[in-house]
>>> print(open('protein.cif').read())   # mmCIF, C-alpha atoms and all ligand atoms
data_structure
loop_
_atom_site.label_atom_id
_atom_site.label_comp_id
_atom_site.auth_asym_id
_atom_site.auth_seq_id
_atom_site.Cartn_x
_atom_site.Cartn_y
_atom_site.Cartn_z
CA MET A 1 0.00 0.00 0.00
CA LEU A 2 1.20 3.50 -0.79
CA THR A 3 1.92 5.94 2.05
CA LYS A 4 0.50 9.39 1.35
CA VAL A 5 2.94 12.24 2.02
CA THR A 6 2.21 15.96 1.69
CA LEU A 7 4.86 17.69 -0.43
CA ILE A 8 4.93 21.43 0.26
CA MET A 9 6.63 23.19 -2.65
CA GLY A 10 7.45 26.41 -0.74
CA ASP A 11 8.70 29.54 -2.47
CA GLY A 12 12.03 31.04 -3.61
CA ILE A 13 14.26 28.04 -4.39
CA GLY A 14 11.63 25.77 -2.78
CA PRO A 15 9.88 24.38 -5.89
CA GLU A 16 13.21 23.45 -7.55
CA ILE A 17 14.62 21.54 -4.60
CA ALA A 18 11.24 19.99 -3.75
CA GLU A 19 11.05 18.58 -7.27
CA ALA A 20 14.64 17.30 -7.03
CA ALA A 21 13.91 15.63 -3.68
CA ARG A 22 10.68 14.06 -4.95
CA ARG A 23 12.44 12.56 -7.97
CA CYS A 24 15.30 11.15 -5.85
CA ILE A 25 12.92 9.62 -3.29
CA ASP A 26 10.80 8.08 -6.07
CA ALA A 27 13.96 6.58 -7.58
CA THR A 28 14.47 4.49 -4.42
CA GLY A 29 11.17 2.72 -5.12
CA ALA A 30 9.69 3.96 -1.82
CA ALA A 31 5.94 3.28 -1.81
CA ILE A 32 4.93 6.92 -1.51
CA GLU A 33 2.04 8.80 -3.08
CA TRP A 34 2.70 12.54 -3.11
CA ASP A 35 -0.01 15.00 -2.22
CA ILE A 36 1.41 18.22 -3.67
CA GLN A 37 0.46 21.40 -1.80
CA GLN A 38 1.44 25.06 -1.81
CA ALA A 39 2.57 27.47 0.90
CA GLY A 40 4.56 30.67 0.97
CA VAL A 41 4.65 34.07 -0.68
CA ASP A 42 3.94 32.76 -4.21
CA VAL A 43 0.54 31.35 -3.26
CA MET A 44 -0.32 34.30 -1.01
CA GLU A 45 -1.68 36.46 -3.85
CA THR A 46 -4.13 33.89 -5.18
CA ALA A 47 -5.06 32.21 -1.90
CA GLY A 48 -4.99 35.37 0.26
CA THR A 49 -2.85 33.53 2.81
CA PRO A 50 0.66 32.02 2.75
CA LEU A 51 -0.73 28.85 4.35
CA PRO A 52 -3.91 27.72 2.54
CA GLU A 53 -6.41 25.57 4.42
CA ALA A 54 -5.98 22.82 1.80
CA THR A 55 -2.31 22.50 2.77
CA LEU A 56 -3.13 22.29 6.48
CA GLU A 57 -5.88 19.75 5.77
CA SER A 58 -3.51 17.61 3.72
CA ILE A 59 -0.94 17.48 6.57
CA ARG A 60 -3.74 16.75 9.06
CA LYS A 61 -4.89 13.84 6.93
CA ASN A 62 -1.49 12.41 6.02
CA GLY A 63 0.31 13.21 9.28
CA ILE A 64 3.57 13.56 7.40
CA ALA A 65 5.05 16.20 5.12
CA LEU A 66 8.23 17.02 3.25
CA LYS A 67 8.49 20.78 3.15
CA ALA A 68 10.59 23.09 0.98
CA PRO A 69 11.64 26.41 2.52
CA ILE A 70 9.25 29.33 2.81
CA THR A 71 10.05 33.04 2.96
CA THR A 72 8.82 34.72 6.12
CA PRO A 73 6.62 37.53 4.76
CA LEU A 74 7.54 40.87 6.31
CA GLY A 75 5.03 43.63 6.97
CA THR A 76 2.01 41.71 5.59
CA GLY A 77 0.31 41.00 8.87
CA PHE A 78 0.77 37.24 8.34
CA ARG A 79 2.76 35.31 10.88
CA SER A 80 5.56 32.95 9.89
CA VAL A 81 4.24 29.81 8.19
CA ASN A 82 6.98 27.82 9.90
CA VAL A 83 5.95 28.99 13.37
CA HIS A 84 2.28 28.46 12.50
CA LEU A 85 2.88 24.85 11.41
CA ARG A 86 4.91 24.18 14.55
CA GLN A 87 2.03 25.40 16.72
CA VAL A 88 -0.86 23.77 14.80
CA PHE A 89 0.77 20.34 14.74
CA GLU A 90 2.48 20.65 18.15
CA LEU A 91 5.85 19.87 16.61
CA TYR A 92 7.71 19.82 19.90
CA ALA A 93 10.88 18.05 18.76
CA CYS A 94 13.30 19.51 16.24
CA ILE A 95 15.85 16.98 15.02
CA ARG A 96 19.05 18.14 13.35
CA PRO A 97 21.53 15.42 12.43
CA CYS A 98 25.05 16.68 11.75
CA LYS A 99 27.17 14.20 9.90
CA SER A 100 30.49 14.42 8.04
CA TYR A 101 30.28 13.42 4.39
CA LYS A 102 33.50 12.83 2.46
CA GLY A 103 33.97 15.53 -0.15
CA VAL A 104 32.32 18.31 1.86
CA ARG A 105 34.86 20.98 2.75
CA SER A 106 34.89 21.18 6.54
CA LEU A 107 37.31 21.19 9.45
CA TYR A 108 36.36 17.69 10.61
CA ASP A 109 35.73 14.35 8.93
CA ASN A 110 34.44 12.25 11.81
CA ILE A 111 31.27 13.87 13.14
CA ASP A 112 28.01 11.95 13.46
CA LEU A 113 25.77 13.57 16.05
CA VAL A 114 22.13 14.52 16.34
CA ILE A 115 20.71 17.59 18.04
CA VAL A 116 17.27 17.15 19.59
CA ARG A 117 15.91 20.62 20.30
CA GLU A 118 12.81 21.37 22.36
CA ASN A 119 10.62 23.47 20.09
CA THR A 120 7.83 25.02 22.18
CA GLU A 121 9.13 26.48 25.46
CA ASP A 122 12.02 28.54 26.79
CA LEU A 123 12.78 32.13 25.78
CA TYR A 124 11.20 31.39 22.37
CA ALA A 125 7.74 30.80 23.85
CA GLY A 126 6.83 34.33 22.74
CA ILE A 127 5.97 35.62 26.23
CA GLU A 128 7.41 39.10 25.92
CA PHE A 129 6.76 42.44 27.58
CA GLU A 130 7.71 45.64 25.77
CA LYS A 131 9.59 48.37 27.63
CA GLY A 132 7.40 51.10 29.04
CA THR A 133 3.93 49.58 28.53
CA HIS A 134 1.41 49.52 31.34
CA GLU A 135 1.58 45.71 31.64
CA THR A 136 5.38 45.71 31.70
CA LEU A 137 5.52 48.38 34.42
CA GLU A 138 2.99 46.39 36.43
CA LEU A 139 5.07 43.26 36.00
CA ILE A 140 8.25 45.12 37.03
CA ASP A 141 6.49 46.39 40.17
CA TRP A 142 5.47 42.83 41.02
CA LEU A 143 8.97 41.48 40.37
CA ASN A 144 10.56 44.23 42.45
CA ALA A 145 8.19 43.42 45.31
CA HIS A 146 8.84 39.66 45.17
CA GLY A 147 12.34 39.22 43.72
CA LYS A 148 15.81 39.78 45.16
CA ARG A 149 17.03 42.16 42.40
CA LYS A 150 15.54 45.47 41.42
CA ILE A 151 14.63 46.08 37.78
CA GLY A 152 14.48 49.61 36.35
CA PRO A 153 11.41 50.92 34.47
CA ASN A 154 13.26 51.17 31.12
CA THR A 155 13.46 47.40 30.76
CA GLY A 156 11.97 44.94 28.29
CA ILE A 157 11.25 41.45 29.57
CA SER A 158 11.19 38.00 27.91
CA ILE A 159 9.98 35.06 29.96
CA LYS A 160 11.68 31.65 29.97
CA PRO A 161 9.17 28.93 30.82
CA ILE A 162 10.56 25.38 31.19
CA SER A 163 8.00 22.84 32.43
CA VAL A 164 8.35 19.33 33.82
CA GLU A 165 5.92 18.03 31.18
CA GLY A 166 7.71 19.77 28.28
CA THR A 167 11.11 18.56 29.47
CA GLU A 168 9.96 14.98 30.10
CA ARG A 169 8.44 14.81 26.64
CA ILE A 170 11.55 15.99 24.78
CA VAL A 171 14.12 14.09 26.88
CA LYS A 172 12.06 10.91 26.50
CA PHE A 173 11.95 11.59 22.76
CA ALA A 174 15.77 11.86 22.71
CA PHE A 175 16.25 8.55 24.55
CA ASP A 176 13.67 6.76 22.37
CA TYR A 177 15.33 8.20 19.27
CA ALA A 178 18.75 7.01 20.48
CA ARG A 179 17.41 3.52 21.08
CA ARG A 180 15.60 3.32 17.75
CA MET A 181 18.60 4.61 15.79
CA GLY A 182 21.11 2.34 17.57
CA ARG A 183 22.89 5.25 19.20
CA SER A 184 24.62 4.83 22.54
CA LYS A 185 24.72 8.14 24.42
CA VAL A 186 22.47 11.09 25.28
CA THR A 187 23.99 14.37 26.51
CA SER A 188 21.65 16.86 28.18
CA VAL A 189 22.73 20.48 27.66
CA HIS A 190 21.80 23.25 30.13
CA LYS A 191 22.94 26.18 32.24
CA ALA A 192 21.65 24.79 35.54
CA ASN A 193 24.44 26.40 37.55
CA ILE A 194 22.95 29.85 36.83
CA MET A 195 19.25 29.30 36.04
CA LYS A 196 18.32 26.94 38.82
CA HIS A 197 14.55 26.95 38.45
CA THR A 198 14.42 26.49 34.68
CA ASP A 199 17.60 24.77 33.51
CA GLY A 200 17.94 23.21 36.97
CA LEU A 201 14.51 21.65 36.49
CA TRP A 202 15.57 20.55 32.99
CA LEU A 203 18.66 18.80 34.38
CA GLU A 204 16.76 17.11 37.20
CA VAL A 205 14.09 15.78 34.80
CA SER A 206 16.83 14.65 32.36
CA ARG A 207 18.55 12.69 35.13
CA GLN A 208 15.29 11.04 36.20
CA MET A 209 14.44 10.09 32.63
CA ALA A 210 17.94 8.62 32.11
CA GLN A 211 17.25 6.07 34.84
CA ARG A 212 14.53 4.55 32.65
CA TYR A 213 17.09 3.89 29.89
CA PRO A 214 19.93 1.89 31.49
CA ASP A 215 21.05 0.71 28.03
CA ILE A 216 21.87 4.29 26.94
CA GLU A 217 24.78 6.20 28.47
CA PHE A 218 23.80 9.58 29.93
CA GLU A 219 25.81 12.69 30.73
CA ASP A 220 25.16 16.41 31.00
CA ARG A 221 27.11 19.46 29.87
CA ILE A 222 26.86 23.15 30.68
CA VAL A 223 26.11 24.90 27.41
CA ASP A 224 29.25 27.07 27.23
CA ASN A 225 31.49 24.08 27.92
CA MET A 226 29.43 22.14 25.34
CA CYS A 227 30.32 24.73 22.67
CA MET A 228 34.03 24.38 23.40
CA GLN A 229 33.83 20.58 23.45
CA LEU A 230 31.99 20.54 20.12
CA VAL A 231 34.73 22.60 18.52
CA GLN A 232 37.57 20.61 20.12
CA LYS A 233 36.30 17.02 20.09
CA PRO A 234 32.93 16.72 18.34
CA GLU A 235 33.50 13.04 17.65
CA LEU A 236 32.80 12.28 21.34
CA TYR A 237 29.12 13.25 21.03
CA ASP A 238 26.12 11.28 19.86
CA VAL A 239 22.60 12.54 20.72
CA LEU A 240 22.42 16.02 22.31
CA VAL A 241 19.13 17.13 23.87
CA MET A 242 18.59 20.77 24.82
CA PRO A 243 16.08 23.56 25.41
CA ASN A 244 14.90 25.76 22.54
CA LEU A 245 17.40 28.64 22.62
CA TYR A 246 20.56 26.54 23.01
CA GLY A 247 19.16 24.19 20.36
CA ASP A 248 18.76 27.02 17.88
CA ILE A 249 22.32 28.21 18.36
CA LEU A 250 24.04 24.82 18.60
CA SER A 251 22.20 23.50 15.52
CA ASP A 252 23.87 26.16 13.41
CA LEU A 253 27.20 25.64 15.15
CA CYS A 254 27.05 21.92 14.36
CA ALA A 255 25.86 22.54 10.77
CA GLY A 256 28.97 24.71 10.42
CA LEU A 257 31.18 21.94 11.83
CA VAL A 258 30.08 19.54 9.08
CA GLY A 259 30.29 21.97 6.17
CA GLY A 260 27.29 24.27 6.29
CA LEU A 261 23.70 24.61 5.16
CA GLY A 262 24.05 22.59 1.97
CA VAL A 263 24.09 19.32 3.90
CA ALA A 264 22.00 20.17 6.99
CA PRO A 265 18.68 18.28 7.04
CA GLY A 266 16.00 18.53 9.71
CA ALA A 267 12.74 17.23 11.06
CA ASN A 268 10.03 18.69 13.26
CA ILE A 269 8.11 15.98 15.02
CA GLY A 270 5.08 16.14 17.28
CA LYS A 271 1.94 14.39 18.40
CA LYS A 272 -0.12 15.52 15.43
CA GLY A 273 2.39 15.15 12.65
CA ALA A 274 5.94 15.16 11.38
CA ILE A 275 7.38 17.71 8.96
CA PHE A 276 10.76 17.18 7.32
CA GLU A 277 12.71 20.15 5.97
CA ALA A 278 16.18 21.49 5.28
CA THR A 279 17.77 23.87 7.78
CA HIS A 280 18.36 26.54 5.14
CA GLY A 281 15.85 29.12 3.93
CA SER A 282 14.29 30.07 0.60
CA ALA A 283 17.37 31.92 -0.78
CA PRO A 284 15.13 34.14 -2.96
CA LYS A 285 18.04 35.59 -4.96
CA TYR A 286 18.59 32.17 -6.58
CA LYS A 287 14.92 31.53 -7.38
CA GLY A 288 14.34 29.78 -10.71
CA GLN A 289 18.04 29.59 -11.60
CA ASN A 290 18.52 25.82 -11.24
CA LYS A 291 21.58 26.67 -9.17
CA VAL A 292 21.21 25.72 -5.51
CA ASN A 293 22.09 22.56 -3.68
CA PRO A 294 19.18 20.12 -3.22
CA ALA A 295 21.15 17.83 -0.83
CA ALA A 296 19.80 19.18 2.48
CA LEU A 297 16.17 18.61 1.44
CA ILE A 298 17.04 15.21 -0.07
CA LEU A 299 18.75 14.24 3.22
CA SER A 300 15.61 15.45 5.03
CA GLY A 301 13.84 12.94 2.77
CA VAL A 302 16.24 10.28 4.11
CA LEU A 303 15.11 11.16 7.66
CA MET A 304 11.50 10.90 6.50
CA LEU A 305 12.04 7.48 4.96
CA ARG A 306 13.61 6.26 8.22
CA HIS A 307 10.68 7.73 10.16
CA LEU A 308 8.36 5.72 7.90
CA GLY A 309 10.38 2.56 8.55
CA MET A 310 11.63 2.46 4.92
CA GLU A 311 15.22 1.74 5.97
CA ASN A 312 16.44 0.15 2.72
CA GLN A 313 15.21 3.08 0.65
CA ALA A 314 16.71 5.52 3.16
CA ASP A 315 20.10 3.76 3.01
CA ALA A 316 20.03 3.69 -0.80
CA LEU A 317 19.26 7.41 -0.97
CA GLU A 318 21.80 8.46 1.67
CA ASN A 319 24.55 6.32 0.08
CA ALA A 320 23.80 7.83 -3.33
CA VAL A 321 23.96 11.40 -1.99
CA ALA A 322 27.22 10.58 -0.16
CA ALA A 323 28.75 9.03 -3.30
CA VAL A 324 27.85 12.01 -5.51
CA ILE A 325 29.25 14.46 -2.96
CA GLU A 326 32.43 12.40 -2.52
CA GLU A 327 32.98 12.21 -6.28
CA GLY A 328 32.59 16.01 -6.41
CA LYS A 329 31.80 16.12 -10.14
CA TYR A 330 28.03 16.62 -10.27
CA VAL A 331 27.69 18.95 -7.31
CA THR A 332 26.33 22.50 -7.13
CA TYR A 333 28.50 25.62 -6.96
CA ASP A 334 28.52 25.77 -3.15
CA MET A 335 30.29 22.40 -2.93
CA LYS A 336 33.03 23.27 -5.41
CA PRO A 337 36.39 24.54 -4.04
CA ASP A 338 35.87 27.63 -6.24
CA ARG A 339 32.27 28.88 -5.97
CA ASN A 340 32.60 30.41 -9.46
CA ASP A 341 33.53 27.05 -11.00
CA LEU A 342 31.71 26.97 -14.34
CA THR A 343 31.58 23.16 -14.30
CA ALA A 344 29.29 23.17 -11.22
CA ALA A 345 26.13 21.11 -11.69
CA GLY A 346 22.67 22.64 -11.51
CA THR A 347 20.01 21.53 -9.02
CA ARG A 348 18.42 19.19 -11.59
CA GLU A 349 21.73 17.73 -12.73
CA MET A 350 22.85 16.98 -9.18
CA ALA A 351 19.53 15.19 -8.61
CA ASP A 352 20.05 13.28 -11.88
CA ALA A 353 23.48 12.14 -10.67
CA ILE A 354 21.99 10.94 -7.36
CA ILE A 355 19.25 9.05 -9.22
CA ALA A 356 21.86 7.46 -11.51
CA ARG A 357 23.74 6.24 -8.37
CA ILE A 358 20.58 4.76 -6.89
CA ASN A 359 19.93 2.89 -10.13
CA LYS A 360 23.53 1.62 -10.43
P1 LIG A 401 18.86 31.25 3.51
O1 LIG A 401 19.16 29.93 4.14
O2 LIG A 401 17.75 31.29 2.53
O3 LIG A 401 20.18 31.77 2.78
C1 LIG A 401 21.41 31.97 3.50
C2 LIG A 401 22.59 31.82 2.53
O4 LIG A 401 22.76 30.47 2.15
C3 LIG A 401 22.39 32.59 1.23
O5 LIG A 401 23.63 33.08 0.79
C4 LIG A 401 21.87 31.55 0.28
O6 LIG A 401 22.11 31.88 -1.03
C5 LIG A 401 22.62 30.29 0.74
N1 LIG A 401 21.83 29.07 0.54
C6 LIG A 401 20.70 28.73 1.19
N2 LIG A 401 20.26 27.54 0.77
C7 LIG A 401 21.13 27.12 -0.17
C8 LIG A 401 21.21 25.95 -0.98
N3 LIG A 401 20.30 24.98 -0.92
N4 LIG A 401 22.24 25.84 -1.85
C9 LIG A 401 23.16 26.80 -1.95
N5 LIG A 401 23.15 27.93 -1.22
C10 LIG A 401 22.15 28.10 -0.33
O7 LIG A 401 18.65 32.30 4.69
P2 LIG A 401 18.05 33.78 4.68
O8 LIG A 401 18.56 34.50 3.46
O9 LIG A 401 18.33 34.30 6.01
O10 LIG A 401 16.48 33.56 4.55
C11 LIG A 401 15.71 33.72 3.36
C12 LIG A 401 14.25 33.49 3.73
O11 LIG A 401 14.05 32.13 4.12
C13 LIG A 401 13.77 34.36 4.90
O12 LIG A 401 12.48 34.84 4.62
C14 LIG A 401 13.71 33.38 6.07
O13 LIG A 401 12.76 33.75 7.02
C15 LIG A 401 13.35 32.10 5.35
N6 LIG A 401 13.72 30.87 6.08
C16 LIG A 401 12.86 29.83 5.97
C17 LIG A 401 13.18 28.61 6.57
C18 LIG A 401 12.20 27.48 6.43
O14 LIG A 401 11.28 27.55 5.61
N7 LIG A 401 12.36 26.43 7.20
C19 LIG A 401 14.38 28.46 7.28
C20 LIG A 401 15.26 29.55 7.34
C21 LIG A 401 14.92 30.75 6.74
#
>>> encode(input="protein.cif", output="structure tokens")
Amino acid sequence: MLTKVTLIMGDGIGPEIAEAARRCIDATGAAIEWDIQQAGVDVMETAGTPLPEATLESIRKNGIALKAPITTPLGTGFRSVNVHLRQVFELYACIRPCKSYKGVRSLYDNIDLVIVRENTEDLYAGIEFEKGTHETLELIDWLNAHGKRKIGPNTGISIKPISVEGTERIVKFAFDYARRMGRSKVTSVHKANIMKHTDGLWLEVSRQMAQRYPDIEFEDRIVDNMCMQLVQKPELYDVLVMPNLYGDILSDLCAGLVGGLGVAPGANIGKKGAIFEATHGSAPKYKGQNKVNPAALILSGVLMLRHLGMENQADALENAVAAVIEEGKYVTYDMKPDRNDLTAAGTREMADAIIARINK
């Protein structure tokens, strides 16, 4: 039986890389039926919204989507489609694997780690109080009456909620993921020495959860030390679980360690669905030029195939991407030593080379 997957074409470079990813996934023989849907600035004019109801309905029905990047519209009154999807489908876990592929120019050649980022709480929860407003001044009065430190009136405030339930859910996800993927260690990242009631809670819940998984090694790291360790000895790390803000920053740090956005896939997973997408954005300046690298979205497709239990197809696709990158001939401009190299492949041609490898 075919598994229905929503394919969101996105905008900017989205449609080109979505098409490349679809063709590569189909070449593996994966039993997938695509339900092609639109979102982003291109559809906004006709649909009156960057996220049409039909697209939401399709994800609701299928529970799984491969999504090309979408430009965040500025000054239109519409909120970010990415944030909207995260909230509607309660996508509480953001997964960012960072893996060294031979042929990618990077400082290291032995990294294979996965960042599991909590996606709903922390300083990104959107609980913010603007300097000088009535509510903020009221809040400051309350804090000055109840807290140890005094806050001046010319202060903006962002709140950092970290709950037991939110932490349990994401740390459990990290351990289950480690078990399912045959990984051996989970590292919980925090700043519990300073923020005792938020990161301290995070660490305590992490430790309790670890006791339920005696087969998986557990350790914790303070986030600043974690950054240094990742730069000095990234090969020591396996699955890293962390709150939202640290996850945002360390995901990019780790993408940089393995060679940048071109090879950084991702997944957002929750109770009501799973959406797979590249880390990079819609790069509007390259729209329609058949120029950009499709590998990050194709590797997001690999994560999706594994999520669907289609391991053989996932292996075939990942090996083909790795082989094409290692050979270095049919790769896009960003993977060439000289970015102006005229022999660089286009998006379509790189996908063709990956498909040829799968069929070999
Ligand atoms: P971007 O990732 O689009 O581009 C950053 C740089 O990387 C640019 O120089 C770009 O040309 C290059 N780049 C990106 N993807 C590439 C690829 N596949 N191959 C080769 N080069 C590539 O980031 P930005 O310019 O900050 O954002 C553009 C838009 O995308 C913004 O509106 C932003 O909000 C949005 N965005 C969307 C998502 C998403 O849909 N998940 C993620 C990030 C940013």
>>> residues_near_ligand(input="protein.cif", ligand="ligand LIG 401 (chain A)", cutoff="7 Å", atoms="all atoms listed in the file", output="PyMOL selection string")
chain A and resi 68-73+82+261-262+277-286+292-294+296+334
>>> write_last_selection(input="protein.cif", atoms="C-alpha atoms", output="mmCIF file, in the coordinates of the input")
data_model
loop_
_atom_site.group_PDB
_atom_site.id
_atom_site.type_symbol
_atom_site.label_atom_id
_atom_site.label_comp_id
_atom_site.auth_asym_id
_atom_site.auth_seq_id
_atom_site.Cartn_x
_atom_site.Cartn_y
_atom_site.Cartn_z
ATOM 1 C CA ALA A 68 10.590 23.090 0.980
ATOM 2 C CA PRO A 69 11.640 26.410 2.520
ATOM 3 C CA ILE A 70 9.250 29.330 2.810
ATOM 4 C CA THR A 71 10.050 33.040 2.960
ATOM 5 C CA THR A 72 8.820 34.720 6.120
ATOM 6 C CA PRO A 73 6.620 37.530 4.760
ATOM 7 C CA ASN A 82 6.980 27.820 9.900
ATOM 8 C CA LEU A 261 23.700 24.610 5.160
ATOM 9 C CA GLY A 262 24.050 22.590 1.970
ATOM 10 C CA GLU A 277 12.710 20.150 5.970
ATOM 11 C CA ALA A 278 16.180 21.490 5.280
ATOM 12 C CA THR A 279 17.770 23.870 7.780
ATOM 13 C CA HIS A 280 18.360 26.540 5.140
ATOM 14 C CA GLY A 281 15.850 29.120 3.930
ATOM 15 C CA SER A 282 14.290 30.070 0.600
ATOM 16 C CA ALA A 283 17.370 31.920 -0.780
ATOM 17 C CA PRO A 284 15.130 34.140 -2.960
ATOM 18 C CA LYS A 285 18.040 35.590 -4.960
ATOM 19 C CA TYR A 286 18.590 32.170 -6.580
ATOM 20 C CA VAL A 292 21.210 25.720 -5.510
ATOM 21 C CA ASN A 293 22.090 22.560 -3.680
ATOM 22 C CA PRO A 294 19.180 20.120 -3.220
ATOM 23 C CA ALA A 296 19.800 19.180 2.480
ATOM 24 C CA ASP A 334 28.520 25.770 -3.150
#
>>> closest_residue(input="protein.cif", among="A:Lys4, A:Arg169, A:Lys102, A:Lys131", to="Glu326 in chain A", atoms="only C-alpha atoms")
A:Lys102
>>> closest_residue(input="protein.cif", among="A:Pro265, A:Gln289, A:Ile325, A:Gly10", to="Ser251 in chain A", atoms="only C-alpha atoms")
A:Pro265
>>> atom_distance(input="protein.cif", atom1="CA of Val331 in chain A", atom2="CA of Glu349 in chain A")
8.1 Å
>>> residues_near_point(input="protein.cif", point="(34.9, 22.6, -2.3)", cutoff="10 Å", atoms="all atoms listed in the file", output="ChimeraX atom specification")
/A:103-106,259,325,328,331-339,341
>>> write_last_selection(input="protein.cif", atoms="C-alpha atoms", output="short mmCIF file (atom, residue, chain, number, x, y, z; two decimals), keeping the file's coordinate frame")
data_model
loop_
_atom_site.label_atom_id
_atom_site.label_comp_id
_atom_site.auth_asym_id
_atom_site.auth_seq_id
_atom_site.Cartn_x
_atom_site.Cartn_y
_atom_site.Cartn_z
CA GLY A 103 33.97 15.53 -0.15
CA VAL A 104 32.32 18.31 1.86
CA ARG A 105 34.86 20.98 2.75
CA SER A 106 34.89 21.18 6.54
CA GLY A 259 30.29 21.97 6.17
CA ILE A 325 29.25 14.46 -2.96
CA GLY A 328 32.59 16.01 -6.41
CA VAL A 331 27.69 18.95 -7.31
CA THR A 332 26.33 22.50 -7.13
CA TYR A 333 28.50 25.62 -6.96
CA ASP A 334 28.52 25.77 -3.15
CA MET A 335 30.29 22.40 -2.93
CA LYS A 336 33.03 23.27 -5.41
CA PRO A 337 36.39 24.54 -4.04
CA ASP A 338 35.87 27.63 -6.24
CA ARG A 339 32.27 28.88 -5.97
CA ASP A 341 33.53 27.05 -11.00
#
>>> closest_residue(input="protein.cif", among="A:Ala356, A:Met195, A:Val116, A:Leu303", to="Thr28 in chain A", atoms="all atoms listed in the file")
A:Ala356
>>> closest_residue(input="protein.cif", among="A:Leu240, A:Ala344, A:Met181, A:Met9", to="Pro50 in chain A", atoms="all atoms listed in the file")
A:Met9
>>> build_atoms(input="protein.cif", residues="range 145-156 of chain A", atoms="N, CA, C and O atoms", output="CSV table (one decimal), in the frame of the given file")
chain,number,residue,atom,x,y,z
A,145,ALA,N,8.7,43.7,44.0
A,145,ALA,CA,8.2,43.4,45.3
A,145,ALA,C,8.5,42.0,45.8
A,145,ALA,O,8.7,41.7,47.0
A,146,HIS,N,8.6,41.1,44.8
A,146,HIS,CA,8.8,39.7,45.2
A,146,HIS,C,10.2,39.1,44.9
A,146,HIS,O,10.6,38.1,45.5
A,147,GLY,N,11.0,39.8,44.1
A,147,GLY,CA,12.3,39.2,43.7
A,147,GLY,C,13.5,39.8,44.5
A,147,GLY,O,13.2,40.8,45.3
A,148,LYS,N,14.7,39.3,44.4
A,148,LYS,CA,15.8,39.8,45.2
A,148,LYS,C,16.5,41.0,44.5
A,148,LYS,O,17.1,41.8,45.1
A,149,ARG,N,16.4,41.1,43.1
A,149,ARG,CA,17.0,42.2,42.4
A,149,ARG,C,16.0,43.2,42.0
A,149,ARG,O,14.9,42.9,41.6
A,150,LYS,N,16.4,44.4,41.9
A,150,LYS,CA,15.5,45.5,41.4
A,150,LYS,C,15.7,45.7,39.9
A,150,LYS,O,16.9,45.7,39.4
A,151,ILE,N,14.6,45.8,39.2
A,151,ILE,CA,14.6,46.1,37.8
A,151,ILE,C,14.2,47.5,37.5
A,151,ILE,O,13.1,47.9,38.1
A,152,GLY,N,14.9,48.2,36.7
A,152,GLY,CA,14.5,49.6,36.4
A,152,GLY,C,13.3,49.7,35.4
A,152,GLY,O,13.0,48.7,34.7
A,153,PRO,N,12.6,50.8,35.3
A,153,PRO,CA,11.4,50.9,34.5
A,153,PRO,C,11.7,50.9,33.0
A,153,PRO,O,10.8,50.5,32.2
A,154,ASN,N,12.9,51.2,32.6
A,154,ASN,CA,13.3,51.2,31.1
A,154,ASN,C,13.8,49.8,30.7
A,154,ASN,O,14.9,49.7,30.2
A,155,THR,N,13.0,48.8,31.0
A,155,THR,CA,13.5,47.4,30.8
A,155,THR,C,12.4,46.6,30.0
A,155,THR,O,11.2,46.7,30.3
A,156,GLY,N,12.8,45.9,29.0
A,156,GLY,CA,12.0,44.9,28.3
A,156,GLY,C,12.2,43.6,28.9
A,156,GLY,O,13.2,43.3,29.4
